[in-house]
Amino acid sequence: MKALLFRSFVLLLFTGQIVNAQSPLCFNSYTPADVASEPMSLTSADFNEDGKIDIAVADRNDDKISILLGNNNGSFAAATNYPVGSIPFYITTADFNGDGHLDLATANSGTNTISVLLGMGNGMFGAATSYTVDIGPYFIISSDFNNDGSIDLATGNFFAGTISVLVGNNTGIYASAVTYSVESGARSLTVADFNSDGHKDIVVTNQMSNSISILTGNGVGLFSLFGNIATEADPIAITSSDFDHDGKMDLAIANLGSNNISVYSGTGSGTFATQVNYSVGTEPHSITTGDFNGDGETDLAVCNWHSNNISVLVGSVSGTFAAAVNYSVNSEPVSLISNDFNADGKADLAIVNLLSDNVSVLLNCNTVGVNEYHSLFEDVSVFPSPTHGDHINFNINSKSDKTIVITITDNLGQTVIDNHQIIRTGGNEIKLDLGNLSNGFYYLNVVNGETVRNIKFVKN
C-alpha cells in the first residue's frame, strides 16, 4: 500500500454543544463556469496538487472532457479540454497507475468504450486510451474490487442491460471487460459491502425495467447476481451510505419518472427493507450525499432536470429525511457532486447544466460553528507530512478526556470505517490504522464528547 500524502496544515476544530437539534440549510450561488457542449457529469479532486479542489466534466456533444482548476473561493480558471470517445456520459477519478497523481476515466456511449486519461499531477492529462465495454455505457465507477491495491473500473451499459468490470494492475492498463447481465436499462452504480462479508458489492439501477440489481463480490474481482428489487419509475441514479448508523449500508435512488427519491434501509445480508419515498423536483437526474447543515448526519442532494433546481433533504440519526428544500440553478441540471470548493470546511455543491453548458456552484453558507455551537477551539495537526505507512497520525489538543469516536467516509459519502473508538489515556497523539482502504479522498469524522468535525485527507 502506498503512503498517505498530506500537505502541511493545521486545522481549527470547533467543539461544544449543539443548540438546535437540526441546523438550517444555507447556500449561496457563485458565477457559473463555462465548459464545452452538453455537459453530462462531473467529478472533483485536486488534479494539479495545489491544495485546491478542481472539477472535471464529461461533455457529451463535443466528445471532450473539461478541466476546471479551482481558485479555492468557488470560482475556477477557464476550462482546458481533452478529447475522449464518442458521447461521453459519465466521468470518474482515481489513481489508476499508482504514481500518486489522479487520473480520469469516461464512459463513452457512442463508441461503447471507456477512455482512460493519466494525470501528470499538474492539472494536465495524457492522451486517452480506449477499452471496449458492452453497448451503451452511461455510467462508470472506480474502486478496488479484487483487493490488490489497484483501482478497477465498472460501467453500467444502458442498451445492453449489463455491467462491465475491468480489472486494473496499477499501471493504468486494464484487462478485457467481464460482463454481467442485469435488467433492461442498466444505468447508475454504487459500490459498498452490502452483505457484510468484507467484499465490495455493486448495486445498479435498471431504468427501463424499474428495478435495481444487487451483484455480490467475492473479493477477487468476480461478481454474482444476488437478486433484483422493484423500484419507482425510471430509477436513474443511486448512492449508498449508512444513513441510520446501524452498521449496514443503505441506498438512496433518484426516480426520474416518479419525481421522488427512495431510501432503502439495508439489512446487512444483501437485501433491503421496503423503500421510503420523498418528493423532490421534476425529473430528478442525479443524487449525492454530504453533511450540508453541519450536524454530523448524512444529507441528500438531488438535481432536478426539468425544474431547473436542486433539492436538499436533511438527514437524521434515524435515517429519515426532512422535506426537500429547493435551490435554483441554470438550465437542465443533470449531475451534481459535493466537495469543499472554497476551503471553509463546509460541503458545497457543483452541478452541470446540460442546456446552459456550464457548472453551477452553490457555496455552503451555514453558520454551524459560529451560531449553532458554543465555540471552544482546539488545534488539530496531521503529521508528518507526508505520512509514512498505512496510518493517519494526528495531534488533538483536547479539553475533554472523553472517548474519541472516528468514522471515515469516502468522497461519495460511503462509510469505510465506522465508529472506531479510541480511549484516551493521556497525551494527544492518535494513530489510526487505515487497513486496506483504496487510494482516494476521504473524510475523517472526529467525535469527542459533543465535538464533531470533518477533516479531509487523501490516500495515495
# chains A, B, ... in the order shown; residues from 1 in each chain; ligands from 1

call {"tool": "residues_around", "arguments": {"residues": "A:Leu68", "least_positions_apart": "3", "cutoff": "10 Å", "atoms": "only C-alpha atoms", "output": "list in words"}}
result
Ala33, Asp34, Val35, Ser44, Phe47, Ile53, Asp54, Ile55, Ala56, Val57, Ile65, Asn71, Ser75, Phe76, Ala77, Ala78, Ala79, Thr80, Asn81, Gly123 and Val359 of chain A

call {"tool": "residues_around", "arguments": {"residues": "stretch 238-247 of chain A", "least_positions_apart": "5", "cutoff": "8 Å", "atoms": "only C-alpha atoms", "output": "ChimeraX atom specification"}}
result
/A:188-192,204-205,252-254,265,268,286-289,297-298,315-320,412-415,418

call {"tool": "write_last_selection", "arguments": {"atoms": "C-alpha atoms", "output": "tab-separated table (two decimals), in the first residue's frame"}}
result
chain	number	residue	atom	x	y	z
A	188	SER	CA	-26.06	4.08	-12.34
A	189	LEU	CA	-23.84	2.05	-10.00
A	190	THR	CA	-22.85	2.25	-6.34
A	191	VAL	CA	-20.23	0.15	-4.57
A	192	ALA	CA	-20.15	-0.98	-0.92
A	204	VAL	CA	-27.10	-0.96	-10.34
A	205	THR	CA	-30.28	0.91	-11.28
A	252	ALA	CA	-30.87	6.26	-1.95
A	253	ILE	CA	-32.24	6.30	-5.50
A	254	ALA	CA	-33.42	9.16	-7.71
A	265	SER	CA	-32.53	0.53	4.61
A	268	GLY	CA	-26.57	-6.36	6.09
A	286	SER	CA	-28.62	12.70	-10.06
A	287	ILE	CA	-28.14	12.19	-6.32
A	288	THR	CA	-25.26	12.67	-3.90
A	289	THR	CA	-24.57	12.73	-0.17
A	297	GLU	CA	-25.64	13.42	9.83
A	298	THR	CA	-25.68	12.41	6.16
A	315	GLY	CA	-30.92	13.59	7.28
A	316	SER	CA	-31.42	12.47	10.86
A	317	VAL	CA	-29.72	9.97	13.15
A	318	SER	CA	-32.56	7.51	12.47
A	319	GLY	CA	-32.00	7.52	8.69
A	320	THR	CA	-35.12	9.53	7.86
A	412	LEU	CA	-19.06	9.72	-2.27
A	413	GLY	CA	-20.19	9.73	1.35
A	414	GLN	CA	-19.87	5.97	1.76
A	415	THR	CA	-18.71	4.86	5.20
A	418	ASP	CA	-17.43	3.18	11.16

call {"tool": "residues_around", "arguments": {"residues": "A:Ala160", "least_positions_apart": "5", "cutoff": "8 Å", "atoms": "only C-alpha atoms", "output": "list in words"}}
result
Asp134, Ile135, Gly136, Ser184, Gly185 and Ala186 of chain A

call {"tool": "atom_distance", "arguments": {"atom1": "atom CA of A:Ile351", "atom2": "atom CA of A:Ser335"}}
result
5.7 Å

call {"tool": "select_by_dssp", "arguments": {"residues": "stretch 197-243 of chain A", "states": "strand (DSSP E)", "output": "list in words"}}
result
Asp201, Ile202, Val203, Val204, Thr205, Asn206, Ser211, Ile212, Ser213, Ile214, Leu215, Thr216, Gly217, Phe223, Ser224, Leu225, Phe226, Gly227, Asn228, Ile229, Ala230, Pro235, Ile236, Ala237, Ile238, Thr239, Ser240 and Ser241 of chain A

call {"tool": "write_last_selection", "arguments": {"atoms": "N, CA, C and O atoms", "output": "compact mmCIF listing (two decimals), in the first residue's frame"}}
result
# COMPACT_ATOMS: atom_id res chain seq x y z
N ASP A 201 -19.51 -5.08 -3.12
CA ASP A 201 -20.62 -5.47 -3.97
C ASP A 201 -21.01 -4.28 -4.84
O ASP A 201 -20.56 -3.15 -4.64
N ILE A 202 -21.88 -4.54 -5.82
CA ILE A 202 -22.36 -3.50 -6.72
C ILE A 202 -23.89 -3.54 -6.75
O ILE A 202 -24.49 -4.62 -6.83
N VAL A 203 -24.50 -2.37 -6.68
CA VAL A 203 -25.93 -2.25 -6.96
C VAL A 203 -26.09 -1.32 -8.14
O VAL A 203 -25.48 -0.24 -8.19
N VAL A 204 -26.90 -1.73 -9.11
CA VAL A 204 -27.10 -0.96 -10.34
C VAL A 204 -28.58 -0.66 -10.51
O VAL A 204 -29.44 -1.49 -10.22
N THR A 205 -28.89 0.57 -10.95
CA THR A 205 -30.28 0.91 -11.28
C THR A 205 -30.56 0.49 -12.72
O THR A 205 -29.75 0.72 -13.62
N ASN A 206 -31.72 -0.11 -12.92
CA ASN A 206 -32.17 -0.51 -14.26
C ASN A 206 -33.35 0.37 -14.64
O ASN A 206 -34.49 0.11 -14.27
N SER A 211 -36.16 -1.23 -11.73
CA SER A 211 -35.62 -2.16 -10.74
C SER A 211 -34.17 -1.80 -10.43
O SER A 211 -33.55 -0.98 -11.10
N ILE A 212 -33.67 -2.42 -9.36
CA ILE A 212 -32.24 -2.43 -9.11
C ILE A 212 -31.78 -3.88 -9.05
O ILE A 212 -32.55 -4.78 -8.71
N SER A 213 -30.51 -4.09 -9.41
CA SER A 213 -29.90 -5.41 -9.33
C SER A 213 -28.75 -5.35 -8.34
O SER A 213 -27.94 -4.42 -8.36
N ILE A 214 -28.69 -6.37 -7.46
CA ILE A 214 -27.60 -6.49 -6.49
C ILE A 214 -26.65 -7.57 -6.95
O ILE A 214 -27.06 -8.72 -7.17
N LEU A 215 -25.38 -7.21 -7.12
CA LEU A 215 -24.35 -8.17 -7.51
C LEU A 215 -23.34 -8.25 -6.38
O LEU A 215 -22.73 -7.25 -6.00
N THR A 216 -23.16 -9.44 -5.83
CA THR A 216 -22.25 -9.62 -4.71
C THR A 216 -20.86 -9.98 -5.22
O THR A 216 -20.71 -10.81 -6.11
N GLY A 217 -19.85 -9.36 -4.63
CA GLY A 217 -18.47 -9.63 -5.00
C GLY A 217 -17.85 -10.72 -4.15
O GLY A 217 -18.25 -10.95 -3.01
N PHE A 223 -18.21 -11.28 -9.72
CA PHE A 223 -19.50 -10.94 -9.13
C PHE A 223 -20.55 -11.97 -9.51
O PHE A 223 -20.46 -12.62 -10.57
N SER A 224 -21.57 -12.09 -8.65
CA SER A 224 -22.72 -12.94 -8.91
C SER A 224 -23.99 -12.13 -8.69
O SER A 224 -24.07 -11.34 -7.75
N LEU A 225 -24.98 -12.36 -9.55
CA LEU A 225 -26.27 -11.68 -9.39
C LEU A 225 -26.99 -12.26 -8.19
O LEU A 225 -27.36 -13.44 -8.17
N PHE A 226 -27.20 -11.42 -7.17
CA PHE A 226 -27.86 -11.86 -5.93
C PHE A 226 -29.37 -11.75 -6.05
O PHE A 226 -30.10 -12.58 -5.51
N GLY A 227 -29.85 -10.72 -6.76
CA GLY A 227 -31.28 -10.57 -6.92
C GLY A 227 -31.65 -9.20 -7.45
O GLY A 227 -30.79 -8.31 -7.59
N ASN A 228 -32.93 -9.01 -7.75
CA ASN A 228 -33.47 -7.76 -8.26
C ASN A 228 -34.59 -7.27 -7.35
O ASN A 228 -35.31 -8.08 -6.76
N ILE A 229 -34.73 -5.96 -7.24
CA ILE A 229 -35.78 -5.36 -6.43
C ILE A 229 -36.52 -4.33 -7.27
O ILE A 229 -35.89 -3.49 -7.94
N ALA A 230 -37.84 -4.37 -7.23
CA ALA A 230 -38.65 -3.39 -7.95
C ALA A 230 -38.51 -2.02 -7.31
O ALA A 230 -38.38 -1.88 -6.09
N PRO A 235 -35.67 4.57 -12.28
CA PRO A 235 -34.56 4.80 -11.33
C PRO A 235 -33.29 5.14 -12.11
O PRO A 235 -32.72 4.28 -12.79
N ILE A 236 -32.81 6.35 -12.01
CA ILE A 236 -31.75 6.81 -12.90
C ILE A 236 -30.42 7.01 -12.19
O ILE A 236 -29.36 6.98 -12.82
N ALA A 237 -30.45 7.21 -10.87
CA ALA A 237 -29.21 7.48 -10.14
C ALA A 237 -29.30 6.87 -8.75
O ALA A 237 -30.38 6.72 -8.18
N ILE A 238 -28.12 6.53 -8.19
CA ILE A 238 -28.09 5.83 -6.91
C ILE A 238 -26.85 6.24 -6.13
O ILE A 238 -25.81 6.58 -6.69
N THR A 239 -26.97 6.21 -4.81
CA THR A 239 -25.83 6.39 -3.92
C THR A 239 -26.07 5.52 -2.69
O THR A 239 -27.17 5.01 -2.47
N SER A 240 -25.03 5.34 -1.89
CA SER A 240 -25.15 4.49 -0.71
C SER A 240 -24.39 5.08 0.46
O SER A 240 -23.38 5.77 0.30
N SER A 241 -24.90 4.83 1.66
CA SER A 241 -24.26 5.25 2.90
C SER A 241 -25.00 4.56 4.03
O SER A 241 -26.07 3.96 3.82

call {"tool": "atom_distance", "arguments": {"atom1": "atom CA of A:Val182", "atom2": "atom CA of A:Gln207"}}
result
11.2 Å

call {"tool": "closest_residue", "arguments": {"among": "A:Asn72, A:Ser41, A:Asn293, A:Asn97", "to": "A:Cys365", "atoms": "only C-alpha atoms"}}
result
A:Asn293

call {"tool": "atom_distance", "arguments": {"atom1": "atom CA of A:Lys64", "atom2": "atom CA of A:Gly290"}}
result
28.2 Å

call {"tool": "residues_around", "arguments": {"residues": "A:Ser164", "least_positions_apart": "5", "cutoff": "9 Å", "atoms": "only C-alpha atoms", "output": "list in words"}}
result
Val133, Asp134, Pro137, Leu153, Ala154, Thr155, Gly156, Asn157, Ala177, Val178, Thr179, Tyr180 and Ser181 of chain A

call {"tool": "residues_around", "arguments": {"residues": "A:Gln275", "least_positions_apart": "6", "cutoff": "7 Å", "atoms": "only C-alpha atoms", "output": "list in words"}}
result
Ser262, Val263 and Tyr264 of chain A

call {"tool": "write_last_selection", "arguments": {"atoms": "all heavy atoms", "output": "PDB file, in the first residue's frame"}}
result
ATOM      1  N   SER A 262     -36.063   7.414  -3.356  1.00  0.00           N
ATOM      2  CA  SER A 262     -36.403   6.302  -2.486  1.00  0.00           C
ATOM      3  C   SER A 262     -35.193   5.951  -1.633  1.00  0.00           C
ATOM      4  O   SER A 262     -34.071   5.859  -2.141  1.00  0.00           O
ATOM      5  CB  SER A 262     -36.811   5.068  -3.303  1.00  0.00           C
ATOM      6  OG  SER A 262     -37.925   5.333  -4.120  1.00  0.00           O
ATOM      7  N   VAL A 263     -35.433   5.760  -0.332  1.00  0.00           N
ATOM      8  CA  VAL A 263     -34.380   5.347   0.593  1.00  0.00           C
ATOM      9  C   VAL A 263     -34.681   3.930   1.059  1.00  0.00           C
ATOM     10  O   VAL A 263     -35.779   3.644   1.547  1.00  0.00           O
ATOM     11  CB  VAL A 263     -34.285   6.302   1.791  1.00  0.00           C
ATOM     12  CG1 VAL A 263     -33.253   5.808   2.795  1.00  0.00           C
ATOM     13  CG2 VAL A 263     -33.922   7.711   1.319  1.00  0.00           C
ATOM     14  N   TYR A 264     -33.705   3.054   0.864  1.00  0.00           N
ATOM     15  CA  TYR A 264     -33.823   1.650   1.228  1.00  0.00           C
ATOM     16  C   TYR A 264     -32.857   1.364   2.372  1.00  0.00           C
ATOM     17  O   TYR A 264     -31.643   1.539   2.232  1.00  0.00           O
ATOM     18  CB  TYR A 264     -33.471   0.739   0.056  1.00  0.00           C
ATOM     19  CG  TYR A 264     -34.401   0.785  -1.120  1.00  0.00           C
ATOM     20  CD1 TYR A 264     -34.360   1.846  -2.025  1.00  0.00           C
ATOM     21  CD2 TYR A 264     -35.304  -0.251  -1.364  1.00  0.00           C
ATOM     22  CE1 TYR A 264     -35.204   1.875  -3.126  1.00  0.00           C
ATOM     23  CE2 TYR A 264     -36.150  -0.229  -2.464  1.00  0.00           C
ATOM     24  CZ  TYR A 264     -36.092   0.842  -3.341  1.00  0.00           C
ATOM     25  OH  TYR A 264     -36.928   0.871  -4.439  1.00  0.00           O
TER      26      TYR A 264
END

call {"tool": "closest_residue", "arguments": {"among": "A:Arg60, A:Lys248, A:His101, A:His306", "to": "A:Leu117", "atoms": "only C-alpha atoms"}}
result
A:His101
